[in-house]
Number of protein chains: 2
Amino acid sequence: MGAMRKKKSIKTPKGDQTKTLILETALEMFQERGYEQTTMRAIAEKANVSLGNAYYYFHSKEFLIQAFYHRTHEQQLAAILPAIQNDSSLKARLLTVMRVKIETLNPYHEFAGVLFKTAANPGSPLNPFAEESDPIRQESIKLFDQVVEGTQARIPKDLRAELPYLLWVYHMGIILFWIHDPSPKHRRTYRLIDHTVDLLDKLISLASNPFMRPLRKQALRLVEELRDAATDARNENNADQN
Amino acid sequence: MGAMRKKKSIKTPKGDQTKTLILETALEMFQERGYEQTTMRAIAEKANVSLGNAYYYFHSKEFLIQAFYHRTHEQQLAAILPAIQNDSSLKARLLTVMRVKIETLNPYHEFAGVLFKTAANPGSPLNPFAEESDPIRQESIKLFDQVVEGTQARIPKDLRAELPYLLWVYHMGIILFWIHDPSPKHRRTYRLIDHTVDLLDKLISLASNPFMRPLRKQALRLVEELRDAATDARNENNADQN
DNA sequence: GCGCTTAGTTGAACGCGTTCAAAAACGCGA
DNA sequence: TCGCGTTTTTGAACGCGTTCAACTAAGCGC
């Protein structure tokens with residue numbers, strides 16, 4: 001199945017050019033016609049390269065999705081970082097992040113379903129559970145670290161340490177909802193964000209309460225365990241490849 | 001994409017026989033060689049029917065998975081219902097249910113990944129979010145209702161009403177973890193079950209505390225909203241089909 | 001028996017993702 | 001300029017899921 005191969009070795013400038021040409025063409029067509037409707041042959045044709053050439057740069061059709069991941073993440077970073085400078089409370093910052101995230105994803109709504117489908121597949125390089133080392137996810141989580149940082153909220157250290165990861169998981173949940181949200185302009189998703197952010201804010205306050213310490217500790221131990229398992233799963237997968 | 005078609009009209013006894021023959025053969029081969037490795041041609045050949053005949057009874061390869069769903073659910077019911085009669089506390093019952101669930105799924109571990117991959121796809125008949133009317137899921141949720149019923153735990157009505165659904169979602173999460181769990185004999189999953197059930201039990205107690213009422217109400221309103229959205233998504237999908 | 005309708009069955013063909021051996025283009029030292 | 005290794009490109013071919021027009025078998029009224 002589709003686990004990551006050896007890194008495609010470096011390239012000549014011309015090769016680079018061809019690669020981005022193929023990628024741009026593909027993403028364009030995905031957006032227009034959807035993922036399944038867009039065939040590799042059609043991509044190659046429109047990009048004026050041979051079918052085999054497309055596969056020379058992208059091991060499979062799924063790898064084009066991964067490239068989409070990369071691109072979108074950078075767009076989001078560029079849009080989010082300045083936006084949260086204005087907000088001071090955790091709640092306000094989180095709200096901004098989530099709204100902007102969905103905003104930038106909206107053009108790809110139809111196409112995003114596939115993304116989750118492949119991401120749910122164990123062994124896929126997109127799988128959000130395995131592959132602790134994946135740089136995109138690392139960065140994605142780091143974003144939520146910055147969201148919490150620069151906030152005057154008093155959060156216990158143990159919770160503070162895991163909070164970025166927890167918020168990242170939360171944000172994945174919202175995206176999952178958004179994928180299935182058929183309401184006009186995805187109003188429901190925005191409403192869900194409003195409600196859940198409010199709730200999360202209250203939950204964090206509650207969990208920060210001293211008398212919640214034992215329960216919180218237990219819950220955090222659990223989270224840690226989940227993360228460990230994810231790392232192991234990733235290593236196992238790598239071992240299989242060789 | 002793969003939404004449910006008109007119910008395949010009823011059949012003659014002979015047709016029924018052929019259908020189950022194909023299904024048995026398929027599940028057998030899935031278990032042996034995995035889903036992707038098993039081709040429709042191979043299934044047809046081993047069952048001594050033509051390729052087209054297999055498609056006459058199962059609109060697509062995915063529909064064989066749905067049949068697997070059905071079968072497994074019944075096996076689980078048969079194993080679980082007697083088992084929980086002995087337990088009285090909610091915690092003990094939940095523990096039993098989860099352990100038996102995983103137990104019966106274990107032989108299909110490798111193959112189960114595909115199941116989740118397709119289930120995550122919006123528009124798939126297996127999608128756990130859409131299709132409120134799906135009878136398997138309804139029954140599956142009902143099981144958790146029986147888990148809560150016959151327990152002396154004092155749970156507020158509002159929470160009590162949503163609890164089966166919430167536990168069902170929890171159990172989906174555990175299965176997702178299990179799919180990715182590479183540890184020997186899936187020890188990690190069992191450990192996770194132990195810990196999460198313990199935690200859940202405490203959380204339910206906490207949420208049942210009178211002074212938690214406002215927060216609980218808010219959270220439950222959110223859950224309700226999620227369920228409504230799921231129903232809408234399902235209807236939207238159906239409308240598309242016609 | 002005979003025609004008619006419906007259920008069941010067949011296998012060839014199509015479309016698409018993917019692979020691969022071989023050709024072409026390129027870079028570069030001699 | 002020529003040779004040679006490397007990178008890039010090509011297009012035919014393979015395997016598999018899926019479709020479909022056509023064939024057969026089974027029931028049923030007459």
# chains A, B, ... in the order shown; residues from 1 in each chain; ligands from 1
call {"tool": "interface_residues", "arguments": {"of": "chain C", "to": "chain A", "cutoff": "8 Å", "atoms": "only C-alpha atoms (C1' of nucleotides)", "output": "number ranges by chain"}}
result
C: 16-18
call {"tool": "residues_around", "arguments": {"residues": "C:DA24", "least_positions_apart": "6", "cutoff": "10 Å", "atoms": "only C-alpha atoms (C1' of nucleotides)", "output": "ChimeraX atom specification"}}
result
/D:8-10
call {"tool": "atom_distance", "arguments": {"atom1": "atom CA of B:Leu51", "atom2": "atom C1' of C:DA13"}}
result
13.1 Å
call {"tool": "interface_residues", "arguments": {"of": "chain D", "to": "chain B", "cutoff": "12 Å", "atoms": "only C-alpha atoms (C1' of nucleotides)", "output": "ChimeraX atom specification"}}
result
/D:15-20,25-27
call {"tool": "closest_residue", "arguments": {"among": "B:Leu167, B:Leu220, B:Val100, B:Ala161", "to": "chain A", "atoms": "only C-alpha atoms"}}
result
B:Leu220
call {"tool": "atom_distance", "arguments": {"atom1": "atom CA of A:Val223", "atom2": "atom CA of B:Ala92"}}
result
22.4 Å
call {"tool": "atom_distance", "arguments": {"atom1": "atom CA of B:His171", "atom2": "atom CA of B:Met98"}}
result
7.2 Å
call {"tool": "closest_residue", "arguments": {"among": "A:Lys14, A:Arg191, A:Lys19, A:Arg99", "to": "chain B", "atoms": "only C-alpha atoms"}}
result
A:Arg191
call {"tool": "residues_around", "arguments": {"residues": "stretch 156-160 of chain B", "least_positions_apart": "6", "cutoff": "12 Å", "atoms": "only C-alpha atoms (C1' of nucleotides)", "output": "JSON, numbers by chain"}}
result
{"B": [144, 145, 146, 147, 148, 149, 166, 167, 203, 204, 205, 206, 207, 208, 209, 210, 212, 213, 214, 215, 216, 217, 218, 219, 220, 221, 223, 224]}
call {"tool": "write_last_selection", "arguments": {"atoms": "C-alpha atoms", "output": "compact mmCIF listing (two decimals), in the first residue's frame"}}
result
# COMPACT_ATOMS: atom_id res chain seq x y z
CA PHE B 144 -25.03 0.72 24.08
CA ASP B 145 -28.46 1.66 25.28
CA GLN B 146 -28.77 -1.78 26.77
CA VAL B 147 -25.37 -1.35 28.32
CA VAL B 148 -26.56 1.69 30.22
CA GLU B 149 -29.95 0.23 30.96
CA LEU B 166 -21.80 9.05 22.76
CA LEU B 167 -20.61 5.62 23.79
CA LEU B 203 -16.41 11.68 33.54
CA ILE B 204 -19.99 10.49 33.59
CA SER B 205 -20.05 10.86 37.35
CA LEU B 206 -18.60 14.30 37.08
CA ALA B 207 -21.04 15.35 34.40
CA SER B 208 -23.89 14.04 36.50
CA ASN B 209 -22.98 16.36 39.34
CA PRO B 210 -25.64 19.07 39.75
CA MET B 212 -22.07 20.74 36.22
CA ARG B 213 -25.53 21.24 34.83
CA PRO B 214 -24.90 24.38 32.71
CA LEU B 215 -21.78 23.04 31.08
CA ARG B 216 -23.41 19.70 30.53
CA LYS B 217 -26.42 21.32 28.91
CA GLN B 218 -24.17 23.22 26.58
CA ALA B 219 -22.20 20.16 25.60
CA LEU B 220 -25.33 18.17 24.96
CA ARG B 221 -26.81 20.88 22.83
CA VAL B 223 -24.01 16.86 20.41
CA GLU B 224 -27.56 17.31 19.28
call {"tool": "select_by_dssp", "arguments": {"residues": "chain B", "states": "helix (DSSP H, G or I)", "output": "MDAnalysis selection string"}}
result
chainID B and resid 13:33 40:46 51:57 61:84 90:119 135:148 157:180 184:208 210:241
call {"tool": "residues_around", "arguments": {"residues": "B:Ala47", "least_positions_apart": "4", "cutoff": "9 Å", "atoms": "only C-alpha atoms (C1' of nucleotides)", "output": "list in words"}}
result
Thr18, Leu21, Ile22, Glu24, Thr25, Ala26, Ala42 and Ile43 of chain B
call {"tool": "residues_around", "arguments": {"residues": "stretch 68-72 of chain A", "least_positions_apart": "5", "cutoff": "10 Å", "atoms": "only C-alpha atoms (C1' of nucleotides)", "output": "list in words"}}
result
Leu23, Glu24, Ala26, Leu27, Glu62, Phe63, Leu77, Ala78, Lys101, Thr104, Leu105, Leu115, Leu126, Pro135, Ile136 and Arg137 of chain A
call {"tool": "residues_around", "arguments": {"residues": "D:DG5", "least_positions_apart": "3", "cutoff": "12 Å", "atoms": "only C-alpha atoms (C1' of nucleotides)", "output": "list in words"}}
result
DC26, DG27, DC28 and DG29 of chain C
